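One structure is given below, encoded as structure tokens.
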Amino acid sequence: MKPSERIDYEAIVDRPVRLLPDGKKVAVWVIVNIEEWNDDEAMPRTVLSPPAGGVPTPDVPNWCWHEYGNRVGFWRLLKALDEFGIPVALAVNGKAVASYPAITAAAKERGWEFIGHGYGQKNMQKVPDEREDIRLTTDAIRQATGKAPRGWLGPGLTETWETPDILVEEGYEYVCDWVLDDQPVELRTRTRPITSIPYTQECNDVAMMLIQHHPAREYLQRAKDQFDQLAEDSAESARVMALVIHPYIMAAPHRLTYFKQALAHIRADARSVFMTGEQILDWHQQTAGYPVSDALQASSAR
């Protein structure tokens with residue numbers, strides 16, 4: 001199914017009013033990405049270009065750049081998140097659950113939500129067996145936490161033509177790859193719909209630091225401006241905002257302060273409430289005037 005066939009156009013101003021509990025206006029969720037990079041393959045991203053070009057194997061400097069995030073950066077980030085005491089979603093590669101047991105344990109201890117993020121950090125279009133990759137990821141998280149993940153984030157937001165269909169068939173309830181709205185929306189699949197929870201390509205350290213090459217302070221400015229505008233937009237109907245971070249990027253010593261300042265700005269505003277992806281999903285299902293899914297299925301069958 002084409003992306004354009006999975007969702008109908010619906011202007012946000014034409015929808016029923018959505019209200020968050022306690023009069024809050026913007027549901028903010030923080031997503032920490034934990035990845036495992038295969039040192040037998042080309043690195044998913046690079047901080048240094050090989051001096052002679054090409055794709056060297058092993059790529060020691062770039063593998064180490066990422067590994068620093070899991071060895072050191074995550075713990076610096078964890079301390080900051082503990083200070084704020086906010087709920088967090090951990091988007092984690094299935095292989096990383098066992099490879100980085102201390103991270104898994106720390107997230108479990110704090111009650112973080114675990115989200116499937118591919119079995120390894122590889123484009124889903126290049127995975128030999130997508131369903132098996134999703135199943136392996138699900139099993140790894142279930143074994144570590146005692147429950148299957150409800151949400152999925154494709155590595156690099158990548159999907160095949162069938163990803164939403166397979167996700168639903170494998171028990172997933174929401175997906176983060178479809179960055180096209182400020183409210184949860186429903187996507188058609190060949191069985192039942194799956195909810196798209198708003199993620200971000202804007203307040204995302206990969207886009208800001210690695211692709212657009214902004215200085216670290218850009219994260220603070222952009223997060224503040226993003227929240228302030230969404231809070232204004234939500235005067236009558238609630239919005240959702242995501243903050244995305246990777247320990248090897250935003251938890252570098254010179255960058256973390258800007259992330260902390262962004263959290264402080266948002267938390268100080270009475271219109272904000274920090275939630276996880278599954279908490280946003282539950283709110284959506286309870287307040288969207290269900291049966292949303294039935295309406296979508298009927299439309300899909302026409």
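In the structure tokens, chains take letters A, B, ... by order of appearance, with residues numbered from 1 within each chain and ligands from 1 in the order shown.
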
task: Please return as a list in words: the residues of region 27-178 of chain A that backbone DSSP assigns to strand (DSSP E).
output: Ala27, Val28, Trp29, Val30, Ile31, Val32, Asn33, Ile34, Val88, Ala89, Leu90, Ala91, Val92, Glu113, Phe114, Ile115, Gly116, Gly151, Trp152, Tyr174 and Val175 of chain A

Distance table requested - region 220-301 of chain A against region 149-161 of chain A, cut-off 12 Å, only C-alpha atoms: one row per qualifying residue with the closest atom pair and its distance in Å to one decimal, ordered by chain and rising residue number, as CSV.
residue,atom,partner,partner_atom,distance
A:Val244,CA,A:Leu153,CA,11.6
A:His246,CA,A:Gly156,CA,12.0
A:Thr276,CA,A:Gly151,CA,10.3
A:Gly277,CA,A:Gly151,CA,7.2
A:Glu278,CA,A:Arg150,CA,6.9
A:Gln279,CA,A:Arg150,CA,10.6
A:Ile280,CA,A:Gly151,CA,11.0
A:Leu281,CA,A:Gly151,CA,9.2
A:Asp282,CA,A:Arg150,CA,10.8

Got time to write the residues from that selection, N, CA, C and O atoms, as an mmCIF file, in the first residue's frame?
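Output contents, as saved in result_23.cif:
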data_model
loop_
_atom_site.group_PDB
_atom_site.id
_atom_site.type_symbol
_atom_site.label_atom_id
_atom_site.label_comp_id
_atom_site.auth_asym_id
_atom_site.auth_seq_id
_atom_site.Cartn_x
_atom_site.Cartn_y
_atom_site.Cartn_z
ATOM 1 N N VAL A 244 13.833 14.289 20.528
ATOM 2 C CA VAL A 244 14.585 13.087 20.177
ATOM 3 C C VAL A 244 16.071 13.311 20.434
ATOM 4 O O VAL A 244 16.641 14.322 20.008
ATOM 5 N N HIS A 246 20.074 11.157 20.892
ATOM 6 C CA HIS A 246 20.944 9.992 20.784
ATOM 7 C C HIS A 246 22.135 10.240 21.703
ATOM 8 O O HIS A 246 22.754 11.319 21.621
ATOM 9 N N THR A 276 4.806 9.271 28.012
ATOM 10 C CA THR A 276 5.474 8.315 27.124
ATOM 11 C C THR A 276 4.601 8.097 25.893
ATOM 12 O O THR A 276 3.454 8.554 25.845
ATOM 13 N N GLY A 277 5.130 7.363 24.931
ATOM 14 C CA GLY A 277 4.347 7.078 23.736
ATOM 15 C C GLY A 277 3.091 6.292 24.045
ATOM 16 O O GLY A 277 2.010 6.580 23.505
ATOM 17 N N GLU A 278 3.192 5.283 24.909
ATOM 18 C CA GLU A 278 2.013 4.477 25.205
ATOM 19 C C GLU A 278 0.998 5.266 26.032
ATOM 20 O O GLU A 278 -0.206 5.045 25.909
ATOM 21 N N GLN A 279 1.442 6.205 26.839
ATOM 22 C CA GLN A 279 0.497 7.060 27.554
ATOM 23 C C GLN A 279 -0.256 7.973 26.591
ATOM 24 O O GLN A 279 -1.456 8.206 26.745
ATOM 25 N N ILE A 280 0.450 8.463 25.585
ATOM 26 C CA ILE A 280 -0.204 9.273 24.555
ATOM 27 C C ILE A 280 -1.177 8.414 23.763
ATOM 28 O O ILE A 280 -2.288 8.846 23.434
ATOM 29 N N LEU A 281 -0.783 7.180 23.460
ATOM 30 C CA LEU A 281 -1.671 6.260 22.744
ATOM 31 C C LEU A 281 -2.939 6.001 23.549
ATOM 32 O O LEU A 281 -4.056 6.062 23.001
ATOM 33 N N ASP A 282 -2.806 5.724 24.837
ATOM 34 C CA ASP A 282 -3.982 5.468 25.672
ATOM 35 C C ASP A 282 -4.893 6.687 25.703
ATOM 36 O O ASP A 282 -6.129 6.559 25.614
#

task: Figure out the distance between CA of Ala235 (chain A) and CA of Pro21 (chain A), please, to one decimal in Å.
output: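 Computing it gives 14.1 Å between the two atoms.
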
I'd like a table as CSV: residues in region 105-183 of chain A with an atom no more than 12 Å from region 62-85 of chain A, each row giving the shortest atom pair and its distance in Å to one decimal, only C-alpha atoms counted, sorted by chain and rising residue number.
residue,atom,partner,partner_atom,distance
A:Ala106,CA,A:Leu78,CA,8.5
A:Ala107,CA,A:Leu78,CA,9.1
A:Glu109,CA,A:Asp82,CA,11.6
A:Arg110,CA,A:Asp82,CA,8.8
A:Gly111,CA,A:Gly85,CA,11.2
A:Trp112,CA,A:Gly85,CA,11.2
A:Gln121,CA,A:His66,CA,11.4

Who sits within 10 Å of Asp181 (chain A), only C-alpha atoms, same chain under 5 positions skipped, as a list in words: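 In the requested form, the answer reads Glu10, Ala11, Ile12, Ser196, Ile197, Pro198, Tyr199, Thr200, Arg239, Val240 and Met241 of chain A.
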
Could you dump the residues just selected with N, CA, C and O atoms as a JSON list (two decimals), in the first residue's frame?
[["chain", "number", "residue", "atom", "x", "y", "z"],
["A", 10, "GLU", "N", -6.81, 15.38, 6.33],
["A", 10, "GLU", "CA", -7.75, 15.95, 7.29],
["A", 10, "GLU", "C", -7.09, 17.14, 7.97],
["A", 10, "GLU", "O", -6.13, 16.97, 8.73],
["A", 11, "ALA", "N", -7.57, 18.33, 7.70],
["A", 11, "ALA", "CA", -7.00, 19.54, 8.30],
["A", 11, "ALA", "C", -7.18, 19.51, 9.81],
["A", 11, "ALA", "O", -8.27, 19.18, 10.31],
["A", 12, "ILE", "N", -6.14, 19.88, 10.52],
["A", 12, "ILE", "CA", -6.20, 19.82, 11.98],
["A", 12, "ILE", "C", -7.27, 20.76, 12.54],
["A", 12, "ILE", "O", -7.85, 20.50, 13.60],
["A", 196, "SER", "N", -0.42, 6.48, 14.42],
["A", 196, "SER", "CA", 0.82, 7.22, 14.26],
["A", 196, "SER", "C", 0.91, 8.25, 15.38],
["A", 196, "SER", "O", 0.06, 9.13, 15.50],
["A", 197, "ILE", "N", 1.93, 8.10, 16.24],
["A", 197, "ILE", "CA", 2.18, 9.06, 17.31],
["A", 197, "ILE", "C", 3.19, 10.10, 16.81],
["A", 197, "ILE", "O", 4.23, 9.72, 16.26],
["A", 198, "PRO", "N", 2.92, 11.39, 16.95],
["A", 198, "PRO", "CA", 3.84, 12.40, 16.43],
["A", 198, "PRO", "C", 5.27, 12.25, 16.96],
["A", 198, "PRO", "O", 5.52, 12.26, 18.17],
["A", 199, "TYR", "N", 6.18, 12.12, 16.03],
["A", 199, "TYR", "CA", 7.63, 12.07, 16.28],
["A", 199, "TYR", "C", 8.17, 13.40, 15.73],
["A", 199, "TYR", "O", 7.40, 14.34, 15.52],
["A", 200, "THR", "N", 9.47, 13.51, 15.51],
["A", 200, "THR", "CA", 9.99, 14.78, 14.99],
["A", 200, "THR", "C", 11.24, 14.60, 14.17],
["A", 200, "THR", "O", 12.12, 13.79, 14.52],
["A", 239, "ARG", "N", -2.00, 19.31, 21.53],
["A", 239, "ARG", "CA", -0.98, 18.94, 20.57],
["A", 239, "ARG", "C", 0.02, 17.99, 21.24],
["A", 239, "ARG", "O", 0.08, 17.89, 22.47],
["A", 240, "VAL", "N", 0.83, 17.33, 20.40],
["A", 240, "VAL", "CA", 1.88, 16.43, 20.88],
["A", 240, "VAL", "C", 3.21, 16.91, 20.34],
["A", 240, "VAL", "O", 3.32, 17.29, 19.17],
["A", 241, "MET", "N", 4.24, 16.91, 21.19],
["A", 241, "MET", "CA", 5.59, 17.33, 20.80],
["A", 241, "MET", "C", 6.59, 16.26, 21.21],
["A", 241, "MET", "O", 6.54, 15.74, 22.32]]

task: From the DSSP assignment of the backbone, select every residue of region 12-255 of chain A that is alpha helix (DSSP H), and format the answer as JSON, numbers by chain.
output: {"A": [60, 61, 62, 63, 64, 65, 66, 67, 68, 74, 75, 76, 77, 78, 79, 80, 81, 82, 83, 84, 94, 95, 96, 97, 98, 99, 101, 102, 103, 104, 105, 106, 107, 108, 109, 130, 131, 132, 133, 134, 135, 136, 137, 138, 139, 140, 141, 142, 143, 144, 145, 163, 164, 165, 166, 167, 168, 169, 205, 217, 218, 219, 220, 221, 222, 223, 224, 225, 226, 227, 228, 229, 230, 231, 232, 233]}

field: Residue among A:Val168, A:Arg255, A:Thr163, A:Leu20 lying closest to Arg217 (chain A), counting only C-alpha atoms
entry: A:Arg255

Polymer residues at most 7 Å from region 3-9 of chain A, only C-alpha atoms, same-chain spacing of 4 or more positions, as a VMD selection string: chain A and resid 187 to 189

Any chance you can output those residues with all heavy atoms as a short mmCIF file (atom, residue, chain, number, x, y, z; two decimals), in the first residue's frame?
data_model
loop_
_atom_site.label_atom_id
_atom_site.label_comp_id
_atom_site.auth_asym_id
_atom_site.auth_seq_id
_atom_site.Cartn_x
_atom_site.Cartn_y
_atom_site.Cartn_z
N LEU A 187 -3.53 5.12 10.68
CA LEU A 187 -3.06 4.68 9.37
C LEU A 187 -3.75 3.37 9.01
O LEU A 187 -3.89 2.48 9.86
CB LEU A 187 -1.55 4.46 9.38
CG LEU A 187 -0.66 5.63 9.84
CD1 LEU A 187 0.79 5.18 9.87
CD2 LEU A 187 -0.84 6.83 8.93
N ARG A 188 -4.14 3.24 7.77
CA ARG A 188 -4.73 1.99 7.32
C ARG A 188 -3.65 0.91 7.16
O ARG A 188 -2.53 1.20 6.79
CB ARG A 188 -5.41 2.16 5.97
CG ARG A 188 -6.60 3.09 5.97
CD ARG A 188 -7.28 3.09 4.61
NE ARG A 188 -8.35 4.08 4.57
CZ ARG A 188 -8.19 5.33 4.18
NH1 ARG A 188 -7.01 5.75 3.78
NH2 ARG A 188 -9.21 6.16 4.18
N THR A 189 -4.03 -0.31 7.42
CA THR A 189 -3.20 -1.47 7.08
C THR A 189 -4.13 -2.49 6.43
O THR A 189 -5.35 -2.26 6.32
CB THR A 189 -2.51 -2.09 8.30
OG1 THR A 189 -3.44 -2.85 9.05
CG2 THR A 189 -1.87 -1.01 9.18
#

message: Which residue is closest to Lys260 (chain A)? Choose from A:Val185, A:Gln286, A:Ile86, A:Thr195 and count only C-alpha atoms.
response: A:Ile86

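Reported to one decimal place, the separation of CA of Arg15 (chain A) from CA of Trp283 (chain A) is 16.1 Å.
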
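Among the candidates A:Val273, A:Pro61, A:Ala91, A:Tyr100, the residue lying nearest to Leu48 (chain A) is A:Pro61 (atoms considered: only C-alpha atoms).
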
message: Give me, as an NGL selection string, all polymer residues having an atom no more than 9 Å from Val206 (chain A), counting only C-alpha atoms and skipping those fewer than 4 positions away in the same chain.
response: :A and (201 or 210-212 or 244-246 or 249-250)

Produce a file of the selected residues containing all heavy atoms, as an mmCIF file, in the first residue's frame.
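Below you can see result.cif, which holds the result:
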data_model
loop_
_atom_site.group_PDB
_atom_site.id
_atom_site.type_symbol
_atom_site.label_atom_id
_atom_site.label_comp_id
_atom_site.auth_asym_id
_atom_site.auth_seq_id
_atom_site.Cartn_x
_atom_site.Cartn_y
_atom_site.Cartn_z
ATOM 1 N N GLN A 201 11.339 15.332 13.104
ATOM 2 C CA GLN A 201 12.578 15.466 12.353
ATOM 3 C C GLN A 201 13.224 16.820 12.614
ATOM 4 O O GLN A 201 14.323 17.088 12.124
ATOM 5 C CB GLN A 201 12.298 15.305 10.854
ATOM 6 C CG GLN A 201 11.711 13.952 10.495
ATOM 7 C CD GLN A 201 11.485 13.790 9.014
ATOM 8 O OE1 GLN A 201 12.417 13.823 8.228
ATOM 9 N NE2 GLN A 201 10.232 13.619 8.611
ATOM 10 N N LEU A 210 24.049 16.523 12.760
ATOM 11 C CA LEU A 210 24.783 15.747 11.758
ATOM 12 C C LEU A 210 24.469 16.146 10.321
ATOM 13 O O LEU A 210 25.333 16.074 9.458
ATOM 14 C CB LEU A 210 24.476 14.252 11.930
ATOM 15 C CG LEU A 210 24.773 13.649 13.304
ATOM 16 C CD1 LEU A 210 24.659 12.131 13.235
ATOM 17 C CD2 LEU A 210 26.143 14.066 13.807
ATOM 18 N N ILE A 211 23.234 16.548 10.087
ATOM 19 C CA ILE A 211 22.833 16.862 8.706
ATOM 20 C C ILE A 211 22.893 18.355 8.429
ATOM 21 O O ILE A 211 23.448 18.802 7.421
ATOM 22 C CB ILE A 211 21.422 16.309 8.431
ATOM 23 C CG1 ILE A 211 21.420 14.780 8.572
ATOM 24 C CG2 ILE A 211 20.944 16.712 7.032
ATOM 25 C CD1 ILE A 211 20.048 14.155 8.496
ATOM 26 N N GLN A 212 22.331 19.150 9.350
ATOM 27 C CA GLN A 212 22.294 20.600 9.150
ATOM 28 C C GLN A 212 23.501 21.315 9.749
ATOM 29 O O GLN A 212 23.695 22.502 9.500
ATOM 30 C CB GLN A 212 20.992 21.147 9.757
ATOM 31 C CG GLN A 212 19.747 20.555 9.109
ATOM 32 C CD GLN A 212 18.490 20.756 9.923
ATOM 33 O OE1 GLN A 212 18.527 21.254 11.054
ATOM 34 N NE2 GLN A 212 17.354 20.360 9.362
ATOM 35 N N VAL A 244 13.833 14.289 20.528
ATOM 36 C CA VAL A 244 14.585 13.087 20.177
ATOM 37 C C VAL A 244 16.071 13.311 20.434
ATOM 38 O O VAL A 244 16.641 14.322 20.008
ATOM 39 C CB VAL A 244 14.358 12.722 18.694
ATOM 40 C CG1 VAL A 244 15.200 11.524 18.305
ATOM 41 C CG2 VAL A 244 12.877 12.452 18.454
ATOM 42 N N ILE A 245 16.690 12.347 21.114
ATOM 43 C CA ILE A 245 18.120 12.456 21.410
ATOM 44 C C ILE A 245 18.797 11.101 21.267
ATOM 45 O O ILE A 245 18.200 10.048 21.483
ATOM 46 C CB ILE A 245 18.365 13.007 22.838
ATOM 47 C CG1 ILE A 245 17.491 12.277 23.856
ATOM 48 C CG2 ILE A 245 18.142 14.489 22.902
ATOM 49 C CD1 ILE A 245 17.755 12.709 25.268
ATOM 50 N N HIS A 246 20.074 11.157 20.892
ATOM 51 C CA HIS A 246 20.944 9.992 20.784
ATOM 52 C C HIS A 246 22.135 10.240 21.703
ATOM 53 O O HIS A 246 22.754 11.319 21.621
ATOM 54 C CB HIS A 246 21.415 9.801 19.346
ATOM 55 C CG HIS A 246 20.302 9.576 18.360
ATOM 56 N ND1 HIS A 246 19.433 10.586 18.005
ATOM 57 C CD2 HIS A 246 19.930 8.468 17.674
ATOM 58 C CE1 HIS A 246 18.556 10.103 17.125
ATOM 59 N NE2 HIS A 246 18.833 8.830 16.917
ATOM 60 N N ILE A 249 25.308 11.806 20.414
ATOM 61 C CA ILE A 249 25.226 13.160 19.857
ATOM 62 C C ILE A 249 24.927 14.160 20.978
ATOM 63 O O ILE A 249 25.798 14.906 21.416
ATOM 64 C CB ILE A 249 24.152 13.256 18.752
ATOM 65 C CG1 ILE A 249 24.412 12.213 17.655
ATOM 66 C CG2 ILE A 249 24.135 14.660 18.147
ATOM 67 C CD1 ILE A 249 23.316 12.132 16.617
ATOM 68 N N MET A 250 23.701 14.143 21.492
ATOM 69 C CA MET A 250 23.287 15.188 22.423
ATOM 70 C C MET A 250 23.894 15.019 23.807
ATOM 71 O O MET A 250 23.926 15.977 24.594
ATOM 72 C CB MET A 250 21.762 15.231 22.519
ATOM 73 C CG MET A 250 21.209 16.618 22.829
ATOM 74 S SD MET A 250 21.661 17.806 21.548
ATOM 75 C CE MET A 250 21.713 19.320 22.502
#
